[in-house]
Structure formats: C-alpha cells, structure tokens
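Coordinates as given in structure-v3.cif (mmCIF, C-alpha atoms):
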data_protein
loop_
_atom_site.label_atom_id
_atom_site.label_comp_id
_atom_site.auth_asym_id
_atom_site.auth_seq_id
_atom_site.Cartn_x
_atom_site.Cartn_y
_atom_site.Cartn_z
CA MET G 16 90.95 -51.90 20.43
CA PRO G 17 88.65 -54.69 19.18
CA ARG G 18 86.48 -53.70 16.24
CA LEU G 19 83.42 -55.58 17.45
CA VAL G 20 81.77 -54.81 20.77
CA ASP G 21 80.62 -57.74 22.85
CA HIS G 22 76.90 -57.28 22.35
CA GLU G 23 75.75 -59.52 25.17
CA GLN G 24 78.03 -57.78 27.60
CA ARG G 25 76.90 -54.33 26.52
CA ARG G 26 73.28 -55.40 26.72
CA ALA G 27 73.88 -56.57 30.29
CA GLU G 28 75.65 -53.30 31.14
CA VAL G 29 72.76 -51.25 29.79
CA ALA G 30 70.32 -53.43 31.75
CA ALA G 31 72.30 -52.91 34.97
CA VAL G 32 72.04 -49.15 34.48
CA ALA G 33 68.31 -49.50 33.78
CA ARG G 34 67.92 -51.53 36.97
CA SER G 35 69.58 -48.77 38.98
CA VAL G 36 67.18 -46.22 37.42
CA ILE G 37 64.19 -48.32 38.54
CA VAL G 38 65.60 -48.80 42.03
CA ARG G 39 66.43 -45.11 42.46
CA SER G 40 63.61 -43.36 40.65
CA GLY G 41 60.95 -45.92 39.84
CA LEU G 42 59.53 -47.37 36.65
CA GLU G 43 58.02 -44.02 35.74
CA ALA G 44 61.53 -42.61 35.25
CA LEU G 45 62.71 -45.52 33.10
CA THR G 46 63.06 -44.24 29.54
CA VAL G 47 65.59 -44.97 26.82
CA ARG G 48 66.76 -41.36 27.14
CA GLU G 49 67.20 -41.59 30.92
CA VAL G 50 69.13 -44.85 30.70
CA ALA G 51 71.33 -43.50 27.90
CA LYS G 52 72.14 -40.46 30.03
CA ALA G 53 72.96 -42.58 33.09
CA ALA G 54 75.01 -45.07 31.05
CA GLY G 55 76.89 -42.47 29.01
CA TYR G 56 75.71 -43.97 25.70
CA SER G 57 73.68 -42.41 22.92
CA THR G 58 69.96 -43.13 22.84
CA ALA G 59 70.57 -44.89 19.49
CA ILE G 60 72.88 -47.43 21.15
CA VAL G 61 70.52 -48.02 24.07
CA SER G 62 67.48 -48.48 21.85
CA HIS G 63 69.51 -50.92 19.75
CA TYR G 64 69.46 -53.24 22.79
CA PHE G 65 66.10 -52.34 24.31
CA ALA G 66 63.32 -50.80 22.26
CA ASP G 67 61.24 -49.76 25.24
CA LYS G 68 60.47 -49.93 28.94
CA ARG G 69 58.75 -53.26 28.57
CA GLN G 70 61.88 -54.91 27.14
CA PHE G 71 64.06 -53.35 29.83
CA LEU G 72 61.77 -54.62 32.51
CA LEU G 73 61.49 -58.18 31.20
CA TYR G 74 65.26 -58.53 30.84
CA ILE G 75 66.00 -57.04 34.28
CA TYR G 76 63.34 -59.21 35.87
CA ARG G 77 64.77 -62.42 34.42
CA TRP G 78 68.30 -61.47 35.29
CA THR G 79 67.27 -60.63 38.88
CA ALA G 80 65.33 -63.88 39.28
CA MET G 81 68.18 -65.96 37.87
CA ARG G 82 70.70 -64.36 40.18
CA ALA G 83 68.41 -64.81 43.21
CA GLU G 84 68.03 -68.50 42.42
CA ALA G 85 71.81 -68.88 42.04
CA ARG G 86 72.28 -67.18 45.40
CA VAL G 87 69.87 -69.56 47.17
CA ARG G 88 71.49 -72.62 45.58
CA ALA G 89 74.98 -71.43 46.47
CA ARG G 90 73.93 -70.84 50.06
CA PHE G 91 72.41 -74.31 50.24
CA ASP G 92 75.50 -75.97 48.77
CA ALA G 93 77.67 -74.14 51.29
CA ALA G 94 75.47 -75.11 54.25
CA PRO G 95 73.07 -77.96 53.38
CA HIS G 96 72.10 -78.42 57.02
CA ASP G 97 70.99 -74.82 57.36
CA LEU G 98 67.85 -74.49 55.25
CA LEU G 99 66.96 -71.29 57.09
CA ALA G 100 70.07 -69.61 55.68
CA SER G 101 69.09 -70.58 52.13
CA ILE G 102 65.54 -69.25 52.45
CA GLU G 103 66.82 -66.18 54.24
CA SER G 104 68.90 -65.28 51.20
CA LEU G 105 65.61 -64.37 49.46
CA LEU G 106 64.54 -61.87 52.11
CA PRO G 107 65.15 -58.11 51.78
CA ILE G 108 67.56 -58.03 54.69
CA GLU G 109 70.43 -56.31 52.92
CA GLU G 110 70.64 -53.72 50.15
CA GLU G 111 71.12 -55.90 47.08
CA ARG G 112 68.21 -58.16 47.96
CA ARG G 113 66.09 -55.13 48.82
CA GLN G 114 66.75 -53.92 45.28
CA ASP G 115 65.65 -57.30 43.88
CA TRP G 116 62.28 -56.80 45.53
CA LEU G 117 61.95 -53.30 44.10
CA VAL G 118 62.41 -54.83 40.64
CA TRP G 119 59.78 -57.48 41.42
CA PHE G 120 57.27 -54.90 42.65
CA ALA G 121 57.75 -52.91 39.44
CA PHE G 122 57.23 -56.09 37.45
CA TRP G 123 54.04 -57.10 39.31
CA GLY G 124 52.51 -53.67 38.78
CA TRP G 125 53.06 -54.12 35.06
CA ALA G 126 52.20 -57.83 34.93
CA ALA G 127 48.79 -57.09 36.43
CA SER G 128 47.60 -55.85 33.03
CA ASP G 129 50.05 -57.62 30.68
CA PRO G 130 49.24 -61.29 29.96
CA GLU G 131 52.77 -62.16 28.79
CA PHE G 132 54.34 -60.70 31.92
CA ALA G 133 51.69 -62.40 34.05
CA ARG G 134 52.66 -65.74 32.48
CA GLU G 135 56.31 -65.00 33.16
CA GLN G 136 55.55 -64.15 36.80
CA ARG G 137 53.51 -67.33 37.20
CA SER G 138 56.22 -69.53 35.78
CA GLN G 139 58.98 -67.84 37.81
CA THR G 140 57.00 -68.34 41.02
CA ARG G 141 56.40 -71.99 40.19
CA MET G 142 60.10 -72.44 39.46
CA ALA G 143 61.04 -70.80 42.75
CA ARG G 144 58.68 -73.12 44.56
CA ASP G 145 60.10 -76.16 42.78
CA MET G 146 63.60 -75.06 43.68
CA VAL G 147 62.69 -74.68 47.37
CA ALA G 148 60.90 -78.06 47.24
CA SER G 149 64.07 -79.66 45.85
CA LEU G 150 66.14 -78.19 48.70
CA ILE G 151 63.59 -79.49 51.21
CA ALA G 152 63.73 -82.93 49.58
CA ALA G 153 67.54 -82.86 49.88
CA ALA G 154 67.24 -81.82 53.54
CA ILE G 155 64.88 -84.74 54.17
CA ARG G 156 67.25 -87.25 52.52
CA ASP G 157 70.00 -85.70 54.55
CA GLY G 158 68.16 -86.09 57.84
CA THR G 159 67.99 -82.36 58.57
CA LEU G 160 64.21 -82.41 58.18
CA ILE G 161 61.95 -85.24 59.34
CA ALA G 162 60.88 -87.84 56.79
CA GLU G 163 57.19 -86.94 57.16
CA THR G 164 57.75 -83.45 55.73
CA ASP G 165 55.49 -82.76 52.73
CA HIS G 166 58.10 -81.00 50.61
CA ALA G 167 55.70 -79.47 48.07
CA ASP G 168 53.39 -78.13 50.78
CA LEU G 169 56.22 -76.72 52.89
CA ALA G 170 57.80 -75.10 49.82
CA LEU G 171 54.49 -73.42 48.99
CA ARG G 172 54.15 -72.11 52.50
CA LEU G 173 57.72 -70.83 52.61
CA ILE G 174 57.34 -68.95 49.31
CA THR G 175 54.05 -67.47 50.52
CA LEU G 176 55.70 -66.39 53.74
CA VAL G 177 58.72 -64.89 51.98
CA ASP G 178 56.43 -62.87 49.68
CA GLY G 179 54.27 -61.69 52.57
CA ILE G 180 57.27 -60.68 54.68
CA ALA G 181 59.07 -58.90 51.85
CA ILE G 182 56.10 -56.70 50.96
CA GLN G 183 55.91 -55.41 54.49
CA ALA G 184 59.65 -55.28 55.19
CA ILE G 185 60.43 -53.14 52.12
CA PHE G 186 58.12 -50.38 53.33
CA ASP G 187 58.56 -50.88 57.06
CA PRO G 188 62.15 -51.97 57.73
CA ASP G 189 62.02 -50.61 61.30
CA ASP G 190 59.18 -52.92 62.13
CA TRP G 191 60.66 -55.83 60.17
CA SER G 192 64.26 -56.22 61.29
CA GLY G 193 66.35 -59.01 59.79
CA ASP G 194 65.88 -60.90 63.06
CA ARG G 195 62.13 -60.67 62.83
CA GLN G 196 62.14 -61.83 59.20
CA ARG G 197 64.37 -64.79 60.09
CA ALA G 198 62.26 -65.67 63.13
CA ALA G 199 59.15 -65.91 60.95
CA ILE G 200 60.87 -68.39 58.63
CA ARG G 201 62.33 -70.33 61.55
CA ARG G 202 58.89 -70.72 63.07
CA GLU G 203 57.56 -72.23 59.83
CA LEU G 204 60.47 -74.67 59.58
CA ALA G 205 60.65 -75.65 63.25
CA PRO G 206 57.99 -78.42 63.26
CA TYR G 207 59.94 -80.25 60.54
CA GLU G 208 63.41 -80.07 61.95
CA SER G 209 64.73 -83.40 63.11
CA GLY G 210 66.43 -81.85 66.14
CA PRO G 211 69.93 -82.07 67.59
CA ALA G 212 69.63 -85.84 68.12
CA ARG G 213 69.86 -86.67 64.38
CA MET A 23 19.42 -28.37 36.72
CA PRO A 24 21.57 -27.37 39.72
CA ARG A 25 24.08 -24.63 38.99
CA LEU A 26 26.83 -26.14 41.12
CA VAL A 27 28.28 -29.58 40.48
CA ASP A 28 28.93 -31.70 43.52
CA HIS A 29 32.72 -31.56 43.41
CA GLU A 30 33.38 -34.43 45.79
CA GLN A 31 31.06 -36.65 43.85
CA ARG A 32 32.61 -35.76 40.51
CA ARG A 33 36.08 -36.29 41.93
CA ALA A 34 35.02 -39.75 43.07
CA GLU A 35 33.51 -40.49 39.65
CA VAL A 36 36.70 -39.47 37.88
CA ALA A 37 38.71 -41.62 40.30
CA ALA A 38 36.48 -44.62 39.60
CA VAL A 39 37.16 -44.25 35.89
CA ALA A 40 40.89 -43.91 36.61
CA ARG A 41 40.75 -47.09 38.68
CA SER A 42 39.19 -48.97 35.79
CA VAL A 43 41.96 -47.70 33.48
CA ILE A 44 44.62 -49.07 35.88
CA VAL A 45 42.82 -52.39 36.24
CA ARG A 46 42.32 -52.80 32.50
CA SER A 47 45.47 -51.31 31.01
CA GLY A 48 47.94 -50.71 33.83
CA LEU A 49 49.50 -47.65 35.39
CA GLU A 50 51.42 -46.96 32.20
CA ALA A 51 48.13 -46.15 30.44
CA LEU A 52 46.88 -43.84 33.20
CA THR A 53 47.02 -40.28 31.88
CA VAL A 54 44.72 -37.31 32.32
CA ARG A 55 43.88 -37.58 28.62
CA GLU A 56 43.04 -41.29 28.83
CA VAL A 57 40.82 -40.83 31.89
CA ALA A 58 39.06 -37.85 30.30
CA LYS A 59 38.34 -39.94 27.21
CA ALA A 60 37.02 -42.87 29.26
CA ALA A 61 34.94 -40.61 31.52
CA GLY A 62 33.55 -38.45 28.73
CA TYR A 63 34.90 -35.25 30.32
CA SER A 64 37.32 -32.67 28.96
CA THR A 65 40.95 -32.95 30.04
CA ALA A 66 40.49 -29.53 31.70
CA ILE A 67 37.80 -30.91 34.02
CA VAL A 68 39.79 -34.04 34.85
CA SER A 69 42.97 -32.11 35.60
CA HIS A 70 40.93 -29.79 37.80
CA TYR A 71 40.45 -32.79 40.11
CA PHE A 72 43.71 -34.65 39.58
CA ALA A 73 46.82 -32.90 38.32
CA ASP A 74 48.70 -36.08 37.51
CA LYS A 75 49.08 -39.84 37.77
CA ARG A 76 50.49 -39.57 41.26
CA GLN A 77 47.36 -37.83 42.58
CA PHE A 78 45.11 -40.32 40.83
CA LEU A 79 46.99 -43.19 42.34
CA LEU A 80 47.03 -41.86 45.90
CA TYR A 81 43.31 -41.11 45.87
CA ILE A 82 42.39 -44.50 44.34
CA TYR A 83 44.65 -46.32 46.77
CA ARG A 84 43.07 -44.66 49.81
CA TRP A 85 39.56 -45.20 48.54
CA THR A 86 40.32 -48.89 47.82
CA ALA A 87 41.89 -49.41 51.26
CA MET A 88 39.00 -47.70 53.02
CA ARG A 89 36.43 -49.78 51.22
CA ALA A 90 38.35 -53.01 51.91
CA GLU A 91 38.45 -52.20 55.62
CA ALA A 92 34.71 -51.44 55.62
CA ARG A 93 34.09 -54.79 53.91
CA VAL A 94 36.06 -56.71 56.53
CA ARG A 95 34.31 -54.93 59.40
CA ALA A 96 30.88 -55.49 57.87
CA ARG A 97 31.62 -59.18 57.43
CA PHE A 98 32.79 -59.45 61.02
CA ASP A 99 29.70 -57.64 62.36
CA ALA A 100 27.47 -59.97 60.33
CA ALA A 101 29.27 -63.12 61.53
CA PRO A 102 31.44 -62.43 64.59
CA HIS A 103 31.97 -66.15 65.20
CA ASP A 104 33.41 -66.65 61.72
CA LEU A 105 36.77 -64.87 61.71
CA LEU A 106 37.79 -66.85 58.62
CA ALA A 107 35.00 -65.17 56.61
CA SER A 108 36.23 -61.71 57.66
CA ILE A 109 39.85 -62.40 56.69
CA GLU A 110 38.71 -64.12 53.52
CA SER A 111 37.06 -60.90 52.38
CA LEU A 112 40.56 -59.50 51.80
CA LEU A 113 41.60 -62.30 49.44
CA PRO A 114 41.40 -61.98 45.63
CA ILE A 115 38.72 -64.64 45.34
CA GLU A 116 36.22 -62.63 43.33
CA GLU A 117 36.55 -59.90 40.73
CA GLU A 118 36.16 -56.76 42.81
CA ARG A 119 38.74 -57.88 45.34
CA ARG A 120 41.04 -58.99 42.55
CA GLN A 121 40.85 -55.43 41.25
CA ASP A 122 41.75 -54.09 44.70
CA TRP A 123 44.97 -56.07 44.55
CA LEU A 124 45.81 -54.73 41.09
CA VAL A 125 45.53 -51.22 42.55
CA TRP A 126 47.79 -52.20 45.43
CA PHE A 127 50.41 -53.72 43.13
CA ALA A 128 50.44 -50.52 41.08
CA PHE A 129 50.85 -48.52 44.28
CA TRP A 130 53.72 -50.67 45.61
CA GLY A 131 55.63 -50.34 42.38
CA TRP A 132 55.40 -46.59 42.72
CA ALA A 133 55.91 -46.48 46.50
CA ALA A 134 59.21 -48.31 46.13
CA SER A 135 60.84 -45.05 44.98
CA ASP A 136 58.48 -42.46 46.48
CA PRO A 137 58.99 -41.74 50.20
CA GLU A 138 55.53 -40.22 50.70
CA PHE A 139 53.80 -43.23 49.12
CA ALA A 140 56.05 -45.57 51.10
CA ARG A 141 54.91 -43.84 54.30
CA GLU A 142 51.30 -44.19 53.22
CA GLN A 143 51.78 -47.89 52.47
CA ARG A 144 53.45 -48.44 55.83
CA SER A 145 50.69 -46.72 57.75
CA GLN A 146 47.93 -48.52 55.81
CA THR A 147 49.53 -51.89 56.53
CA ARG A 148 49.85 -51.06 60.22
CA MET A 149 46.21 -49.97 60.31
CA ALA A 150 45.11 -53.18 58.59
CA ARG A 151 47.05 -55.17 61.15
CA ASP A 152 45.51 -53.20 64.04
CA MET A 153 42.06 -53.77 62.60
CA VAL A 154 42.64 -57.53 62.34
CA ALA A 155 44.09 -57.52 65.88
CA SER A 156 40.93 -55.80 67.14
CA LEU A 157 38.75 -58.47 65.49
CA ILE A 158 40.90 -61.18 67.05
CA ALA A 159 40.57 -59.49 70.46
CA ALA A 160 36.78 -59.43 70.01
CA ALA A 161 36.81 -63.11 69.03
CA ILE A 162 38.80 -63.91 72.18
CA ARG A 163 36.37 -62.00 74.42
CA ASP A 164 33.58 -63.77 72.63
CA GLY A 165 35.03 -67.23 73.23
CA THR A 166 35.52 -68.02 69.51
CA LEU A 167 39.29 -68.00 69.95
CA ILE A 168 41.12 -69.33 73.01
CA ALA A 169 42.18 -66.86 75.70
CA GLU A 170 45.89 -67.58 75.17
CA THR A 171 45.83 -66.17 71.61
CA ASP A 172 48.43 -63.42 71.14
CA HIS A 173 46.23 -61.11 69.10
CA ALA A 174 49.02 -58.84 67.80
CA ASP A 175 51.16 -61.79 66.72
CA LEU A 176 48.30 -63.63 65.05
CA ALA A 177 47.20 -60.44 63.25
CA LEU A 178 50.72 -59.96 61.91
CA ARG A 179 50.84 -63.53 60.63
CA LEU A 180 47.42 -63.30 59.02
CA ILE A 181 48.32 -60.07 57.18
CA THR A 182 51.61 -61.64 56.04
CA LEU A 183 49.75 -64.70 54.82
CA VAL A 184 47.07 -62.68 53.00
CA ASP A 185 49.78 -60.66 51.21
CA GLY A 186 51.75 -63.76 50.27
CA ILE A 187 48.67 -65.60 48.98
CA ALA A 188 47.34 -62.63 47.01
CA ILE A 189 50.58 -62.08 45.11
CA GLN A 190 50.54 -65.63 43.87
CA ALA A 191 46.79 -65.95 43.38
CA ILE A 192 46.53 -62.87 41.16
CA PHE A 193 48.95 -64.35 38.63
CA ASP A 194 48.10 -67.99 39.14
CA PRO A 195 44.38 -68.29 39.87
CA ASP A 196 44.28 -71.88 38.56
CA ASP A 197 46.79 -72.95 41.15
CA TRP A 198 45.23 -70.81 43.88
CA SER A 199 41.51 -71.54 43.92
CA GLY A 200 39.33 -69.80 46.46
CA ASP A 201 39.28 -73.06 48.43
CA ARG A 202 43.04 -73.23 48.58
CA GLN A 203 43.26 -69.61 49.70
CA ARG A 204 40.69 -70.19 52.42
CA ALA A 205 42.39 -73.40 53.54
CA ALA A 206 45.67 -71.56 54.07
CA ILE A 207 43.96 -69.01 56.34
CA ARG A 208 42.02 -71.75 58.15
CA ARG A 209 45.22 -73.59 58.90
CA GLU A 210 46.72 -70.49 60.50
CA LEU A 211 43.62 -69.89 62.63
CA ALA A 212 42.97 -73.50 63.62
CA PRO A 213 45.32 -73.74 66.64
CA TYR A 214 43.50 -70.81 68.25
CA GLU A 215 39.93 -71.87 67.74
CA SER A 216 38.14 -72.83 70.92
CA GLY A 217 36.30 -75.68 69.23
CA PRO A 218 32.64 -76.73 69.10
CA ALA A 219 32.49 -77.22 72.88
CA ARG A 220 32.57 -73.50 73.67
#
Go through the file and emit its structure as structure tokens.
Amino acid sequence: MPRLVDHEQRRAEVAAVARSVIVRSGLEALTVREVAKAAGYSTAIVSHYFADKRQFLLYIYRWTAMRAEARVRARFDAAPHDLLASIESLLPIEEERRQDWLVWFAFWGWAASDPEFAREQRSQTRMARDMVASLIAAAIRDGTLIAETDHADLALRLITLVDGIAIQAIFDPDDWSGDRQRAAIRRELAPYESGPAR
Amino acid sequence: MPRLVDHEQRRAEVAAVARSVIVRSGLEALTVREVAKAAGYSTAIVSHYFADKRQFLLYIYRWTAMRAEARVRARFDAAPHDLLASIESLLPIEEERRQDWLVWFAFWGWAASDPEFAREQRSQTRMARDMVASLIAAAIRDGTLIAETDHADLALRLITLVDGIAIQAIFDPDDWSGDRQRAAIRRELAPYESGPAR
C-alpha cells in the first residue's frame, strides 16, 4: 500500500460524489458532512479538499464545463461534416448531459449574487462560443457550410439556442424530445449548409 | 389603529423583503432570521407567513411570474402593433427585469431536484408560451403579422430565444446591450412581419 495518497485523484473523487449530491438532492443538500457520508470519508478528509459549498461548486462547474468541451471537440473530430452532431452533444438529451445542466443551473443561481462566479460564468460562455465559432470556421474551410457564413454570429445564435432549449427541456422532457431539440438546431444551421452538391 | 393586520398584505411585504435578499445576497443567504432582520419583524412573525426557504421561493417565484405576464400584456395592449416591445419587456434590459431573472435562476437551481418546483416551472413556461402565442394570434388577426405565421411555433421560438439571451445577458451585460437583445428578437420576428404596406 502506497504511503501517500494521490491528492488530485482523491480531490476529483470527492468532487464526483459532491456532483452526485447536487444532481440528486440539490445545492441545498450539499454540505461537507453530506459529501463525507456519501463518499465514505471523514468530514476532516473532505474539508481538507473543499472547505465549503462554494469551493465544491466551483470545482464541479469547471470540471463539468471542461468535459463538455472535450465531448464536443471529440464529436467534431469524429464527424467534421456533421456539425449538428457536435452541437447536439451539448443538449440534455441523455442522462449525463442532463446532469451537466443541473450543475450549471446550480451555478447560475449562485453566480447571480457572487461576482467571482459571475466572472467565471461569463468567461466560460465566451469560451464555449469561441469553440463553436472555431468549429464553424473549420466547417466553412471544409465546404460543409457556405463561405458567406458569419462564424461569430452563428456561434452566438447556436449557444443562445442551446441555452434556451436546455432550460425548457430539463423541466419538460415530454414536450422537448431529443428529436425536437435536434430539429431546432438543424433549423438554425440549415441556411448555411452547402447542400449535397458540395 | 386597526386591531387586525392585513395578513395578505403583510405576507406580500415579507415576500418583497425576501426577494431583495435573494437578489442581493443569493438563495444561500435567505433564512427566516435574515428576512426578519431586513424587514424589521420578529422571526416569529416571519415564520408565521413562511415556514422556510422553500415557501419563500415558491411565493416569490409566482409573484414575479404573474407580474411579468401582466407587464407583457399591458405593453401589448398599449401598442398592439409593436410585438417586439411586448417581448422585449421580458428581457433583462433594466434593473427590475434583471431582478426577475435572478429569482428565476434561483428557482431553477432548486427545481432541478424538487419535483413540485419542476412541475411549477414547467407549467409557468407553458403558460408564458401560450400567452405569447395569443399575442401572436392577435397580431395576425390585426394584420401586423402575416396570415401564414404558425403562432404556436413562433411563440416557442421566441420563449427559447428570450431564455437563451437572458442567461447570457445577466452575466455579460457588456456583451449583451439592450440593443443587441432587441436585435435578436427583431430578427426572429422579421420574416413574419407584414411590412409597411399593410
């Protein structure tokens, strides 16, 4: 048995448990004690990694955002001609992505009155938009989208649409099937697609 | 001095103070004790009206939603040919409406793990969409929008757009000026406007 624990790994483990507490029971239930209980650690160990709810939330938020970005990029690399599939991987169509949105909602509620979190949210949204703009630029170079596409403007509209869909779909999944979510994105992309003749 | 206090009025007063606590300090700070302090009442009086944070939040949410709907309807009645102005009155362009969105963010964060709140959110969103659809239908009858407008579909897209804009604008008001917010709505409405020749 190694004498030293891998601190980064344990921190990530504790954060994963904290994320599941948020997803299951909400931010209100997120306490060092609750996470310790769910993780099977002492409260002393948990509070060694995260002093409070705020630190839990910031770490989980960043981890969730990073993983979502990696997912979109991986989808794009696997299918560069299918921009819809990349954007779709942000939507709450299956359970893991639904959980991402629950984390984001919890973060927004907090960020509304916390300037540091608000700054974080602002910069994450701008980064997401830049990432989508870079995929659009690649799709233009590639001939999948027409050359006239304004990549910054389309990226902004796609992010706005994804946010607007997700908020409704989380609370009303019957009304917002995966097909309906996809159709809304497809409609936004359609005017820029170069068509089967490319 | 009247012997009986007007309970509904006092309840509304206490809720208004609770709303200002959420807006200023976040849901985390919302406690019976904090509201009592801010309102200048005893905790016994405050907890007579609201047992806990959950009751505060539900009441404030409904009050905020009701007032927002009244604002949209009043704007439409005052200027039935200017649908943009009605929709715009939902956007976080000035302080009071910005505060409405802070209340909604707080509610979403909670609703994510509370089935009763989730149901409330779902039904409020559907009502908002029906209200917008009814304004669109009136604008079609009136000749402001073309007869071919699918009012349910356009209402859905406008609500989605308003949600998506608001989330970004709250945290990034520099990037999302009132003009930019309005322009995004105008763009969505433009294909359906019957033009100056009507």
Report the centre and edge lengths, in Å to one decimal, of an axis-aligned box enclosing every atom of range 141-154 of chain G listed in the file, padded by 4 Å on each side, as lines of an AutoDock Vina configuration file.
center_x = 62.0
center_y = -76.9
center_z = 46.5
size_x = 19.1
size_y = 20.1
size_z = 22.1
Skip range 176-179 of chain G itself and residues of its chain fewer than 6 positions away, then list as a compact mmCIF listing (two decimals) with C-alpha atoms, in the coordinates of the input all residues within 6 Å of it, counting all atoms listed in the file.
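Output file out_23.txt follows:
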# COMPACT_ATOMS: atom_id res chain seq x y z
CA THR A 182 51.61 -61.64 56.04
CA LEU A 183 49.75 -64.70 54.82
CA ASP A 185 49.78 -60.66 51.21
CA GLY A 186 51.75 -63.76 50.27
* Expand the PyMOL selection byres ((chain A and resi 79-81) around 9) into the individual residues it matches in the shown file, reporting them as an MDAnalysis selection string. => chainID A and resid 34 37 40:41 49 74:78 82:86 125 128:129 139 142
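CA of Arg141 in chain G is positioned 28.7 Å from CA of Tyr64 in chain G.
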* Residues at most 7 Å from Val94 in chain A, counting all atoms listed in the file, excluding those fewer than 4 positions away in the same chain, as a PyMOL selection string? -> chain A and resi 90+98+108-109+111
Write a file of the selected residues as a PDB file, in the coordinates of the input, keeping C-alpha atoms.
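Once everything was written out, this is selection_11.pdb:
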ATOM      1  CA  ALA A  90      38.350 -53.010  51.910  1.00  0.00           C
ATOM      2  CA  PHE A  98      32.790 -59.450  61.020  1.00  0.00           C
ATOM      3  CA  SER A 108      36.230 -61.710  57.660  1.00  0.00           C
ATOM      4  CA  ILE A 109      39.850 -62.400  56.690  1.00  0.00           C
ATOM      5  CA  SER A 111      37.060 -60.900  52.380  1.00  0.00           C
TER       6      SER A 111
END
* **9 Å contacts from chain A to chain G using all atoms listed in the file, as a ChimeraX atom specification** => /A:44-50,124-136,140-141,143-145,147,179,181-190,192-194,206
